[in-house]
Every structure is written in structure tokens, then in C-alpha cells.
$ cat protein11.json   # JSON, C-alpha atoms
[["chain", "number", "residue", "atom", "x", "y", "z"],
["P", 1, "MET", "CA", 90.64, 109.05, 127.04],
["P", 2, "SER", "CA", 87.12, 107.71, 126.43],
["P", 3, "GLU", "CA", 86.40, 105.06, 123.85],
["P", 4, "ARG", "CA", 85.34, 106.46, 120.47],
["P", 5, "VAL", "CA", 81.82, 105.45, 119.49],
["P", 6, "LEU", "CA", 80.41, 105.18, 115.97],
["P", 7, "VAL", "CA", 76.62, 105.18, 115.78],
["P", 8, "ALA", "CA", 75.03, 104.22, 112.47],
["P", 9, "VAL", "CA", 71.40, 105.31, 112.36],
["P", 10, "PHE", "CA", 68.93, 103.07, 110.52],
["P", 11, "ALA", "CA", 69.61, 99.47, 109.47],
["P", 12, "THR", "CA", 70.86, 99.75, 105.90],
["P", 13, "PRO", "CA", 73.61, 98.13, 103.84],
["P", 14, "VAL", "CA", 75.65, 101.33, 104.33],
["P", 15, "ALA", "CA", 75.26, 100.98, 108.10],
["P", 16, "SER", "CA", 76.62, 97.42, 107.86],
["P", 17, "PHE", "CA", 79.77, 98.65, 106.13],
["P", 18, "LEU", "CA", 80.22, 101.64, 108.45],
["P", 19, "LEU", "CA", 79.91, 99.55, 111.58],
["P", 20, "ARG", "CA", 82.29, 96.90, 110.28],
["P", 21, "TYR", "CA", 84.92, 99.44, 109.20],
["P", 22, "GLY", "CA", 84.42, 101.52, 112.32],
["P", 23, "LYS", "CA", 85.17, 98.47, 114.44],
["P", 24, "ASP", "CA", 88.35, 97.87, 112.40],
["P", 25, "LEU", "CA", 89.38, 101.48, 113.10],
["P", 26, "GLY", "CA", 88.92, 101.08, 116.85],
["P", 27, "TYR", "CA", 85.43, 102.53, 117.31],
["P", 28, "ALA", "CA", 82.81, 100.92, 119.52],
["P", 29, "PRO", "CA", 80.11, 100.37, 116.84],
["P", 30, "VAL", "CA", 76.41, 100.78, 117.65],
["P", 31, "LEU", "CA", 73.37, 100.52, 115.40],
["P", 32, "PHE", "CA", 70.51, 102.85, 116.31],
["P", 33, "GLU", "CA", 67.38, 101.55, 114.59],
["P", 34, "PRO", "CA", 64.14, 102.95, 116.06],
["P", 35, "ASP", "CA", 62.11, 100.25, 114.31],
["P", 36, "GLY", "CA", 62.92, 97.12, 116.28],
["P", 37, "ALA", "CA", 61.66, 94.90, 113.45],
["P", 38, "ARG", "CA", 64.42, 96.30, 111.21],
["P", 39, "ALA", "CA", 67.22, 96.10, 113.75],
["P", 40, "THR", "CA", 68.15, 92.61, 112.58],
["P", 41, "ASP", "CA", 68.76, 93.83, 109.00],
["P", 42, "VAL", "CA", 72.41, 94.60, 109.82],
["P", 43, "GLU", "CA", 74.73, 91.62, 110.04],
["P", 44, "GLY", "CA", 77.84, 91.30, 112.14],
["P", 45, "GLY", "CA", 76.59, 90.95, 115.69],
["P", 46, "PHE", "CA", 76.69, 94.67, 116.40],
["P", 47, "GLU", "CA", 74.86, 96.14, 119.35],
["P", 48, "ALA", "CA", 71.46, 97.36, 118.14],
["P", 49, "VAL", "CA", 69.34, 99.78, 120.13],
["P", 50, "THR", "CA", 65.87, 101.18, 119.43],
["P", 51, "THR", "CA", 66.32, 104.40, 121.41],
["P", 52, "VAL", "CA", 69.11, 106.97, 121.20],
["P", 53, "PRO", "CA", 72.11, 105.45, 122.94],
["P", 54, "GLU", "CA", 73.98, 107.40, 125.60],
["P", 55, "LEU", "CA", 76.08, 109.78, 123.51],
["P", 56, "GLY", "CA", 78.94, 112.02, 124.54],
["P", 57, "PRO", "CA", 81.73, 114.04, 122.96],
["P", 58, "GLU", "CA", 83.48, 110.86, 121.83],
["P", 59, "ALA", "CA", 80.56, 109.82, 119.59],
["P", 60, "ASP", "CA", 80.30, 110.18, 115.82],
["P", 61, "VAL", "CA", 76.81, 109.65, 114.37],
["P", 62, "VAL", "CA", 76.02, 108.85, 110.74],
["P", 63, "VAL", "CA", 72.43, 108.75, 109.45],
["P", 64, "THR", "CA", 72.40, 106.21, 106.62],
["P", 65, "ASP", "CA", 68.90, 106.75, 105.19],
["P", 66, "HIS", "CA", 67.57, 110.25, 104.49],
["P", 67, "ASP", "CA", 64.15, 109.02, 103.33],
["P", 68, "ARG", "CA", 62.84, 107.50, 106.57],
["P", 69, "PRO", "CA", 59.75, 109.27, 107.92],
["P", 70, "GLU", "CA", 61.17, 109.42, 111.45],
["P", 71, "LEU", "CA", 64.36, 111.17, 110.28],
["P", 72, "GLY", "CA", 63.52, 114.53, 111.89],
["P", 73, "GLU", "CA", 62.65, 113.07, 115.29],
["P", 74, "VAL", "CA", 65.74, 110.86, 115.29],
["P", 75, "LEU", "CA", 68.06, 113.74, 114.41],
["P", 76, "LYS", "CA", 66.45, 116.03, 116.97],
["P", 77, "ALA", "CA", 67.00, 113.38, 119.65],
["P", 78, "VAL", "CA", 70.65, 112.93, 118.61],
["P", 79, "LEU", "CA", 71.25, 116.70, 118.61],
["P", 80, "ASP", "CA", 70.15, 116.80, 122.25],
["P", 81, "HIS", "CA", 73.45, 115.05, 123.09],
["P", 82, "PRO", "CA", 76.99, 116.47, 123.03],
["P", 83, "THR", "CA", 78.28, 114.38, 120.12],
["P", 84, "ARG", "CA", 81.55, 115.08, 118.34],
["P", 85, "TRP", "CA", 80.04, 114.90, 114.86],
["P", 86, "VAL", "CA", 76.67, 114.19, 113.18],
["P", 87, "GLY", "CA", 76.33, 113.53, 109.46],
["P", 88, "VAL", "CA", 73.54, 112.59, 107.08],
["P", 89, "LEU", "CA", 74.31, 110.66, 103.91],
["P", 90, "GLY", "CA", 72.67, 112.07, 100.81],
["P", 91, "ASN", "CA", 73.23, 113.91, 97.57],
["P", 92, "PRO", "CA", 75.06, 117.22, 98.16],
["P", 93, "ARG", "CA", 73.29, 118.78, 95.16],
["P", 94, "HIS", "CA", 69.88, 118.47, 96.80],
["P", 95, "ALA", "CA", 68.67, 119.93, 100.06],
["P", 96, "GLY", "CA", 68.15, 117.03, 102.40],
["P", 97, "PRO", "CA", 64.68, 116.45, 103.83],
["P", 98, "HIS", "CA", 66.24, 116.51, 107.29],
["P", 99, "VAL", "CA", 66.61, 120.30, 107.17],
["P", 100, "ALA", "CA", 62.88, 120.92, 106.73],
["P", 101, "ALA", "CA", 62.04, 118.16, 109.24],
["P", 102, "LEU", "CA", 64.27, 119.73, 111.90],
["P", 103, "GLU", "CA", 62.93, 123.21, 111.20],
["P", 104, "ALA", "CA", 59.35, 121.90, 111.59],
["P", 105, "LEU", "CA", 60.35, 120.45, 114.98],
["P", 106, "GLY", "CA", 61.67, 123.83, 116.13],
["P", 107, "VAL", "CA", 65.38, 123.01, 116.07],
["P", 108, "PRO", "CA", 67.36, 126.30, 115.91],
["P", 109, "ASP", "CA", 69.28, 127.01, 112.69],
["P", 110, "PRO", "CA", 72.74, 126.92, 114.34],
["P", 111, "GLU", "CA", 72.07, 123.34, 115.49],
["P", 112, "ILE", "CA", 70.93, 122.28, 112.01]]
$ encode --input "protein11.json" --output "C-alpha cells"
Amino acid sequence: MSERVLVAVFATPVASFLLRYGKDLGYAPVLFEPDGARATDVEGGFEAVTTVPELGPEADVVVTDHDRPELGEVLKAVLDHPTRWVGVLGNPRHAGPHVAALEALGVPDPEI
């Protein structure tokens, strides 16, 4: 069985908690922060990458900031991989900006 991977997207306080707890649960934690200047905002010595890491069916991806301007491009790049699960944190009572961003990038509805 392959090692489970938890990818937190964007360096935020939520990402810090997710990566720390993911490690405790046996995941290989990875921070994906496309802005290299922000990659150091997450403490704990976690691997930080500025491009989409190699993802497979053992990967769970959590986007921790739904207001970043690069959200659509980041999600589109993640959806090009066979991940187990992709989630975006946000308020369930409001349509997330990621839906419109993905639609504008031509991502088919079933993938969104």
C-alpha cells in the first residue's frame, strides 16, 4: 500500500494545523504554496513546494484559502492528477469563487 499524502494548499494558519495533525495521523504532509515568498509562513519543518507535487490516488488535497487570486489555476492543476479527494475550505452557505474560476478555465462540470 502506498503512503497516504496530505497536501495543504496555500500557507495559512489552517494549513499549519492540517499538516501537523495529518502527520500525527500517519500522512506524509506537504505544503503546496505557489508563492515561494509565502512558503515559510507555515511552521513545523514541513516540505514546501511551489509547483503541484506529484499526486496519485493516495493523496488528499485541502485548499486552505478561497480568496487567493491563483485559486482557479491551482485547482485546475490539482484536478489534472488522480487524487483521492480534493476539498476547498469556505462557507457552505456561499458559492465559492473556485467554481466560477474553474468554469472560466474550461474545467468540465463533472470535475468541478
$ atom_distance --input "protein11.json" --atom1 "CA of Phe32 in chain P" --atom2 "CA of Asp65 in chain P"
11.9 Å
$ residues_around --input "protein11.json" --residues "Val78 in chain P" --least-positions-apart "3" --cutoff "12 Å" --atoms "only C-alpha atoms" --output "PyMOL selection string"
chain P and resi 7-9+32+51-57+59-63+71-75+81-88+102+107+111-112
$ residues_around --input "protein11.json" --residues "Ala48 in chain P" --least-positions-apart "2" --cutoff "12 Å" --atoms "only C-alpha atoms" --output "NGL selection string"
:P and (7-11 or 15-16 or 19 or 28-46 or 50-53)
$ write_last_selection --input "protein11.json" --atoms "C-alpha atoms" --output "short mmCIF file (atom, residue, chain, number, x, y, z; two decimals), in the coordinates of the input"
data_model
loop_
_atom_site.label_atom_id
_atom_site.label_comp_id
_atom_site.auth_asym_id
_atom_site.auth_seq_id
_atom_site.Cartn_x
_atom_site.Cartn_y
_atom_site.Cartn_z
CA VAL P 7 76.62 105.18 115.78
CA ALA P 8 75.03 104.22 112.47
CA VAL P 9 71.40 105.31 112.36
CA PHE P 10 68.93 103.07 110.52
CA ALA P 11 69.61 99.47 109.47
CA ALA P 15 75.26 100.98 108.10
CA SER P 16 76.62 97.42 107.86
CA LEU P 19 79.91 99.55 111.58
CA ALA P 28 82.81 100.92 119.52
CA PRO P 29 80.11 100.37 116.84
CA VAL P 30 76.41 100.78 117.65
CA LEU P 31 73.37 100.52 115.40
CA PHE P 32 70.51 102.85 116.31
CA GLU P 33 67.38 101.55 114.59
CA PRO P 34 64.14 102.95 116.06
CA ASP P 35 62.11 100.25 114.31
CA GLY P 36 62.92 97.12 116.28
CA ALA P 37 61.66 94.90 113.45
CA ARG P 38 64.42 96.30 111.21
CA ALA P 39 67.22 96.10 113.75
CA THR P 40 68.15 92.61 112.58
CA ASP P 41 68.76 93.83 109.00
CA VAL P 42 72.41 94.60 109.82
CA GLU P 43 74.73 91.62 110.04
CA GLY P 44 77.84 91.30 112.14
CA GLY P 45 76.59 90.95 115.69
CA PHE P 46 76.69 94.67 116.40
CA THR P 50 65.87 101.18 119.43
CA THR P 51 66.32 104.40 121.41
CA VAL P 52 69.11 106.97 121.20
CA PRO P 53 72.11 105.45 122.94
#
$ atom_distance --input "protein11.json" --atom1 "CA of His98 in chain P" --atom2 "CA of Pro110 in chain P"
14.2 Å
$ atom_distance --input "protein11.json" --atom1 "CA of Glu103 in chain P" --atom2 "CA of Val5 in chain P"
27.2 Å
